[in-house]
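**Student:** The following file, structure27.txt, comprises compact mmCIF, C-alpha atoms:
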# COMPACT_ATOMS: atom_id res chain seq x y z
CA MET A 805 0.00 0.00 0.00
CA ARG A 806 2.81 2.31 0.93
CA PRO A 807 4.64 1.71 -2.32
CA VAL A 808 1.46 2.63 -4.28
CA LEU A 809 1.07 5.93 -2.47
CA VAL A 810 4.69 6.71 -3.07
CA GLY A 811 4.24 6.03 -6.80
CA VAL A 812 1.20 8.27 -6.98
CA GLY A 813 3.06 11.12 -5.26
CA VAL A 814 5.93 10.78 -7.66
CA ILE A 815 3.57 11.00 -10.61
CA VAL A 816 1.93 14.14 -9.17
CA LEU A 817 5.27 15.81 -8.62
CA ILE A 818 6.33 14.98 -12.13
CA GLY A 819 3.10 16.54 -13.51
CA ILE A 820 3.54 19.74 -11.48
CA GLY A 821 7.10 20.09 -12.67
CA ALA A 822 6.03 19.65 -16.26
CA VAL A 823 3.53 22.46 -15.89
CA PHE A 824 6.16 24.89 -14.63
CA LEU A 825 8.53 23.90 -17.38
CA MET A 826 5.93 24.56 -20.07
CA ARG A 827 5.28 28.14 -18.71
CA ASP A 828 8.92 29.10 -18.99
CA VAL A 829 9.52 27.73 -22.49
CA PRO A 830 8.73 30.32 -25.29
CA ALA A 831 6.16 29.48 -27.84
CA ALA A 832 7.39 27.65 -30.80
CA VAL A 833 8.46 29.89 -33.63
CA SER A 834 7.01 28.88 -36.87
CA ALA A 835 9.52 28.09 -39.50
CA PRO A 836 10.13 30.93 -41.98
CA ALA A 837 8.53 30.55 -45.39
CA PRO A 838 10.87 29.57 -48.13
CA PRO A 839 12.07 32.54 -50.23
CA SER A 840 9.80 33.18 -53.23
CA ALA A 841 10.99 33.88 -56.69
CA ALA A 842 12.09 37.48 -57.58
CA PRO A 843 9.07 39.69 -58.48
CA ALA A 844 8.54 40.46 -62.16
CA PRO A 845 9.13 44.11 -63.20
CA ALA A 846 5.96 46.23 -63.07
CA PRO A 847 4.52 47.15 -66.51
CA ALA A 848 4.87 50.78 -67.79
CA PRO A 849 1.97 52.99 -66.71
CA VAL A 850 -0.71 53.49 -69.37
CA PRO A 851 -2.16 57.05 -69.64
CA ALA A 852 -5.61 57.11 -68.24
CA LYS A 853 -8.36 57.81 -70.75
CA LYS A 854 -10.67 60.72 -70.14
CA ALA A 855 -13.93 59.57 -68.81
CA ALA A 856 -16.64 59.84 -71.44
CA ARG A 857 -19.31 62.38 -70.68
CA PRO A 858 -22.60 60.65 -70.02
CA SER A 859 -24.95 61.03 -72.93
CA ALA A 860 -28.43 62.35 -72.58
CA ASP A 861 -29.76 58.95 -73.57
CA ARG A 862 -28.34 57.40 -70.44
CA GLY A 863 -30.35 59.77 -68.32
CA ALA A 864 -27.28 60.96 -66.42
CA ALA A 865 -28.00 64.37 -64.97
CA THR A 866 -25.36 67.00 -65.71
CA PRO A 867 -24.60 68.98 -62.59
CA ARG A 868 -25.74 72.59 -63.00
CA LYS A 869 -23.48 75.29 -61.85
CA THR A 870 -25.27 77.51 -59.40
CA VAL A 871 -24.75 81.21 -60.05
CA PRO A 872 -25.39 83.56 -57.20
CA LYS A 873 -28.22 85.98 -57.80
CA LYS A 874 -25.90 88.94 -57.60
CA ALA A 875 -23.66 87.46 -60.30
CA GLU A 876 -26.66 86.83 -62.60
CA THR A 877 -27.82 90.40 -62.18
CA ALA A 878 -24.38 91.72 -63.03
CA ALA A 879 -24.11 89.48 -66.13
CA VAL A 880 -27.27 90.95 -67.73
CA ALA A 881 -26.10 94.46 -68.60
CA THR A 882 -28.55 97.03 -69.89
CA PRO A 883 -27.44 98.23 -73.37
CA ALA A 884 -26.49 101.87 -73.46
CA ASP A 885 -28.59 104.27 -75.51
CA PRO A 886 -27.04 104.93 -78.93
CA LYS A 887 -25.38 108.30 -79.22
CA LEU A 888 -25.09 108.43 -83.04
CA ALA A 889 -27.68 108.11 -85.79
CA THR A 890 -28.09 105.78 -88.76
CA LEU A 891 -30.04 106.62 -91.91
CA LYS A 892 -31.67 104.30 -94.44
CA LEU A 893 -32.64 106.40 -97.45
CA GLU A 894 -34.66 105.38 -100.50
CA SER A 895 -36.20 107.28 -103.39
CA ASP A 896 -38.77 106.62 -106.12
CA VAL A 897 -35.98 107.25 -108.66
CA PRO A 898 -33.18 104.72 -107.97
CA GLY A 899 -29.64 106.03 -108.30
CA ALA A 900 -30.41 109.58 -107.24
CA ALA A 901 -27.38 111.46 -105.92
CA VAL A 902 -27.64 112.29 -102.22
CA PHE A 903 -26.12 115.34 -100.56
CA ILE A 904 -26.23 116.01 -96.83
CA ASP A 905 -25.20 119.51 -95.81
CA ARG A 906 -23.86 119.95 -99.37
CA GLN A 907 -21.60 116.89 -99.07
CA PHE A 908 -22.07 114.01 -101.52
CA VAL A 909 -22.65 110.80 -99.54
CA GLY A 910 -23.75 108.31 -102.22
CA ASN A 911 -26.67 107.21 -104.40
CA THR A 912 -30.04 105.77 -103.46
CA PRO A 913 -30.83 103.29 -102.03
CA LEU A 914 -28.35 104.23 -99.35
CA SER A 915 -27.51 103.30 -95.74
CA LEU A 916 -25.40 105.60 -93.61
CA ASP A 917 -24.16 105.26 -90.05
CA LYS A 918 -22.19 107.21 -87.46
CA LEU A 919 -24.14 110.40 -88.19
CA GLU A 920 -24.44 113.18 -85.67
CA PRO A 921 -28.07 113.65 -84.58
CA GLY A 922 -29.74 116.97 -85.36
CA THR A 923 -31.19 118.93 -88.25
CA ARG A 924 -29.56 118.29 -91.63
CA ARG A 925 -30.07 119.71 -95.11
CA LEU A 926 -30.88 116.93 -97.57
CA GLN A 927 -30.76 117.22 -101.36
CA LEU A 928 -31.46 114.58 -104.01
CA THR A 929 -30.74 115.05 -107.69
CA ALA A 930 -31.47 112.76 -110.64
CA THR A 931 -31.02 113.27 -114.37
CA GLY A 932 -34.20 114.51 -116.00
CA PHE A 933 -35.84 115.53 -112.73
CA ASP A 934 -35.89 118.59 -110.55
CA SER A 935 -33.75 118.35 -107.45
CA VAL A 936 -35.48 117.85 -104.12
CA GLN A 937 -34.31 119.76 -101.08
CA LYS A 938 -35.62 119.44 -97.56
CA SER A 939 -34.59 119.60 -93.93
CA ILE A 940 -34.54 116.35 -91.95
CA ASP A 941 -34.20 115.75 -88.23
CA LEU A 942 -31.95 112.81 -87.32
CA VAL A 943 -32.52 111.24 -83.92
CA PRO A 944 -30.08 108.92 -82.11
CA GLY A 945 -30.48 105.38 -83.40
CA PRO A 946 -32.11 104.23 -86.67
CA ASN A 947 -33.79 106.66 -89.07
CA THR A 948 -35.67 105.63 -92.24
CA LEU A 949 -36.71 108.03 -95.00
CA THR A 950 -38.25 107.71 -98.45
CA VAL A 951 -37.97 110.73 -100.75
CA ARG A 952 -40.22 111.10 -103.76
CA ILE A 953 -38.55 112.90 -106.62
CA LYS A 954 -41.54 112.35 -108.91
CA GLU A 955 -43.78 114.52 -106.77
CA VAL A 956 -45.28 117.83 -107.67
CA SER A 957 -46.72 120.52 -105.47
CA LEU A 958 -47.83 124.06 -106.14
CA ASN A 959 -48.97 126.86 -103.91
CA ALA A 960 -48.00 130.11 -105.61
CA LYS A 961 -49.42 133.51 -104.73
CA ILE A 962 -48.94 136.95 -106.20
CA PRO A 963 -50.58 140.32 -105.42
CA VAL A 964 -52.21 141.62 -108.60
CA VAL A 965 -54.42 144.30 -110.06
CA HIS A 966 -57.34 143.09 -112.14
CA LYS A 967 -57.96 145.51 -114.99
CA HIS A 968 -61.59 145.93 -115.91
CA ARG A 969 -62.96 147.59 -118.98
CA MET A 970 -63.96 150.31 -116.62
CA GLY A 971 -61.53 150.66 -113.71
CA ALA A 972 -59.65 147.98 -111.76
CA CYS A 973 -59.61 146.08 -108.47
CA GLU A 974 -56.87 144.59 -106.33
CA GLY A 975 -56.54 141.10 -104.97
CA THR A 976 -54.36 137.99 -104.83
CA LEU A 977 -53.97 135.43 -107.59
CA VAL A 978 -53.43 131.95 -106.17
CA ALA A 979 -52.28 128.88 -108.11
CA THR A 980 -52.55 125.29 -106.81
CA LEU A 981 -52.30 121.95 -108.56
CA TYR A 982 -55.99 122.09 -109.33
CA GLY A 983 -56.50 125.56 -110.72
CA LEU A 984 -56.40 129.34 -110.32
CA THR A 985 -58.26 131.39 -107.74
CA TYR A 986 -58.60 135.13 -107.68
CA GLU A 987 -59.24 136.40 -104.14
CA THR A 988 -60.57 139.92 -103.87
CA THR A 989 -62.88 142.01 -101.76
CA HIS A 990 -64.92 142.59 -104.90
CA ASP A 991 -66.95 139.42 -104.74
CA SER A 992 -68.35 139.79 -108.20
CA ASP A 993 -64.83 139.71 -109.67
CA GLY A 994 -63.47 136.73 -107.72
CA PHE A 995 -63.34 133.29 -109.33
CA THR A 996 -61.94 129.77 -109.19
CA LEU A 997 -60.94 128.23 -112.52
CA PRO A 998 -59.75 124.61 -112.99
CA TYR A 999 -56.87 124.24 -115.46
CA THR A 1000 -59.09 122.08 -117.65
CA GLN A 1001 -61.25 125.17 -118.14
CA ALA A 1002 -58.33 127.53 -118.81
CA GLU A 1003 -58.05 127.98 -122.55
CA VAL A 1004 -55.32 130.62 -122.34
CA LEU A 1005 -52.74 131.25 -119.65
CA GLU A 1006 -49.92 133.44 -120.94
CA VAL A 1007 -47.63 136.30 -119.97
CA ASP A 1008 -46.81 139.35 -122.00
CA TYR A 1009 -43.51 140.35 -120.49
CA LEU A 1010 -43.30 143.72 -122.27
CA GLN A 1011 -46.85 144.67 -121.36
CA LYS A 1012 -46.40 143.30 -117.85
CA ASN A 1013 -49.65 141.44 -118.23
CA LEU A 1014 -50.88 137.95 -117.34
CA ARG A 1015 -53.91 136.94 -119.40
CA VAL A 1016 -56.31 134.16 -118.42
CA ARG A 1017 -59.19 133.12 -120.64
CA GLN A 1018 -61.89 130.65 -119.79
CA LYS A 1019 -63.08 128.24 -122.45
CA GLY A 1020 -66.07 129.88 -124.06
CA GLY A 1021 -66.19 132.47 -121.29
CA LYS A 1022 -64.48 135.45 -119.70
CA THR A 1023 -61.00 136.87 -120.09
CA TRP A 1024 -59.01 138.34 -117.16
CA ASN A 1025 -55.97 140.57 -117.40
CA PHE A 1026 -53.71 140.87 -114.38
CA THR A 1027 -50.74 143.10 -113.71
CA ASP A 1028 -48.34 142.89 -110.84
CA LYS A 1029 -49.35 145.19 -108.02
CA ASN A 1030 -45.73 146.32 -107.78
CA ALA A 1031 -45.67 147.10 -111.51
CA THR A 1032 -42.99 144.49 -112.36
CA ALA A 1033 -43.06 141.77 -114.98
CA ASP A 1034 -40.62 139.43 -113.24
CA ALA A 1035 -43.08 138.32 -110.57
CA LEU A 1036 -45.72 137.57 -113.21
CA PHE A 1037 -43.17 135.61 -115.25
CA VAL A 1038 -42.11 133.46 -112.25
CA PHE A 1039 -45.73 132.82 -111.30
CA HIS A 1040 -46.59 131.71 -114.83
CA ARG A 1041 -43.44 129.54 -115.08
CA ASP A 1042 -44.24 127.69 -111.83
CA VAL A 1043 -47.82 127.05 -112.91
CA GLU A 1044 -46.82 125.66 -116.30
CA ALA A 1045 -44.08 123.46 -114.80
CA ALA A 1046 -46.53 121.92 -112.32
CA ARG A 1047 -49.13 121.28 -115.00
CA LYS A 1048 -46.51 119.53 -117.14
CA LYS A 1049 -45.47 117.24 -114.29
CA LEU A 1050 -49.05 116.31 -113.59
CA ALA A 1051 -49.43 115.33 -117.25
CA GLU A 1052 -46.30 113.14 -116.95
CA GLY A 1053 -47.75 111.18 -114.04
CA TYR A 1054 -46.05 112.82 -111.07
CA THR A 1055 -47.70 112.29 -107.72
CA PRO A 1056 -49.57 115.40 -106.59
CA VAL A 1057 -48.77 116.61 -103.07
CA ARG A 1058 -50.95 119.18 -101.42
Go through the file and emit its structure as structure tokens.

**Tutor:**
Amino acid sequence: MRPVLVGVGVIVLIGIGAVFLMRDVPAAVSAPAPPSAAPAPAPAPVPAKKAARPSADRGAATPRKTVPKKAETAAVATPADPKLATLKLESDVPGAAVFIDRQFVGNTPLSLDKLEPGTRRLQLTATGFDSVQKSIDLVPGPNTLTVRIKEVSLNAKIPVVHKHRMGACEGTLVATLYGLTYETTHDSDGFTLPYTQAEVLEVDYLQKNLRVRQKGGKTWNFTDKNATADALFVFHRDVEAARKKLAEGYTPVR
């Protein structure tokens, strides 16, 4: 019995000693891995391609750049008022020479720019036609004007003395595009005579007399109140020139 107990005690002591020995011994170091083969050289870098922009078909939303309200307001600038004038000029006779303030500027149809605003003197001349002169007012910005060279107007007046068989009376002889009118305080002597009813309209320069005769009717003899023949001659010339233009198809202007 005693030998058995002694054997058991020896076994216990051996076990305790083994435990202490295992605590002091470091953990086993794993064996190093065998050296691997030398790494292959890295390939040359390939330039990266730009990413393709997503198409509208793919439904990709393009980010919208937000602009501050102040920046948007500054970007929309109000255009400044023009300081100079432009002129687009046409005439019923193409190719008419155009003069502005006596300076030739071209032929119609014509477009001019960089003109100073204000009142200008305009003149148009064309072969076979009377020149047209008028004042025009150019405003800053665009100006458009059509000038009619084939126009005719007439409003001539002259103070006259109407010679009767017995005595005379004074008045004013007026010529328009539609006829002659004698205005006088003597109502019985006044008249209005269309040109279609004027059979005779002539001037005797030496006698200083303008004679008007109605078809199948009266005859009137007028002298210039200032006793000159020049005024009668100019009056008669203007009337005949206007009547000729009307016959040629000019546009009448009142």

**Student:** Using only C-alpha atoms, tabulate the residues of segment 882-974 of chain A lying at most 12 Å from any atom of segment 1028-1046 of chain A, each with its closest atom pair and that distance in Å to one decimal, by chain and increasing residue number, as a Markdown table.

**Tutor:**
| residue | atom | partner | partner_atom | distance |
| --- | --- | --- | --- | --- |
| A:Phe933 | CA | A:Ala1045 | CA | 11.6 |
| A:Asp934 | CA | A:Ala1045 | CA | 10.4 |
| A:Lys954 | CA | A:Ala1046 | CA | 11.3 |
| A:Glu955 | CA | A:Ala1046 | CA | 9.7 |
| A:Val956 | CA | A:Ala1046 | CA | 6.3 |
| A:Ser957 | CA | A:Ala1046 | CA | 7.0 |
| A:Leu958 | CA | A:Ala1046 | CA | 6.7 |
| A:Asn959 | CA | A:Val1043 | CA | 9.1 |
| A:Ala960 | CA | A:Phe1039 | CA | 6.7 |
| A:Lys961 | CA | A:Phe1039 | CA | 7.6 |
| A:Ile962 | CA | A:Phe1039 | CA | 7.3 |
| A:Pro963 | CA | A:Lys1029 | CA | 5.7 |
| A:Val964 | CA | A:Lys1029 | CA | 4.6 |
| A:Val965 | CA | A:Lys1029 | CA | 5.5 |
| A:His966 | CA | A:Asp1028 | CA | 9.1 |
| A:Lys967 | CA | A:Asp1028 | CA | 10.8 |
| A:Ala972 | CA | A:Lys1029 | CA | 11.3 |
| A:Cys973 | CA | A:Lys1029 | CA | 10.3 |
| A:Glu974 | CA | A:Lys1029 | CA | 7.7 |

**Student:** Considering all atoms listed in the file, can you say which of A:Val897, A:Leu1005, A:Leu891, A:Leu949 comes closest to Ser915 of chain A?

**Tutor:**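 Of all the options, A:Leu891 lies closest to Ser915 of chain A.
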
**Student:** Enclose the full set of atoms of segment 898-912 of chain A listed in the file within a box whose edges lie along x, y and z, apply 8 Å of padding to each of the six sides, and report centre and edge lengths in Å to one decimal as JSON.

**Tutor:**
{"center_x": -27.4, "center_y": 112.3, "center_z": -102.1, "size_x": 27.6, "size_y": 31.2, "size_z": 28.5}

**Student:** Please identify all polymer residues within 9 Å of Leu914 of chain A, counting only C-alpha atoms, omitting same-chain residues fewer than 5 positions from it, and present them as a list in words.

**Tutor:** Leu891, Lys892, Leu893, Glu894, Val902 and Val909 of chain A

**Student:** Okay, now the selection with C-alpha atoms, as a PDB file, in the coordinates of the input?

**Tutor:**
ATOM      1  CA  LEU A 891     -30.040 106.620 -91.910  1.00  0.00           C
ATOM      2  CA  LYS A 892     -31.670 104.300 -94.440  1.00  0.00           C
ATOM      3  CA  LEU A 893     -32.640 106.400 -97.450  1.00  0.00           C
ATOM      4  CA  GLU A 894     -34.660 105.380-100.500  1.00  0.00           C
ATOM      5  CA  VAL A 902     -27.640 112.290-102.220  1.00  0.00           C
ATOM      6  CA  VAL A 909     -22.650 110.800 -99.540  1.00  0.00           C
TER       7      VAL A 909
END

**Student:** Which one of A:Pro1056, A:Gly975, A:Gly932, A:Pro921 sits closest to Phe1026 of chain A if you count all atoms listed in the file?

**Tutor:** A:Gly975

**Student:** What does the distance from atom CA of Thr985 of chain A to atom CA of Leu1010 of chain A come to in Å, to one decimal?

**Tutor:**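 Taking atom CA of Thr985 of chain A as the start and atom CA of Leu1010 of chain A as the end point, the length is 24.2 Å.
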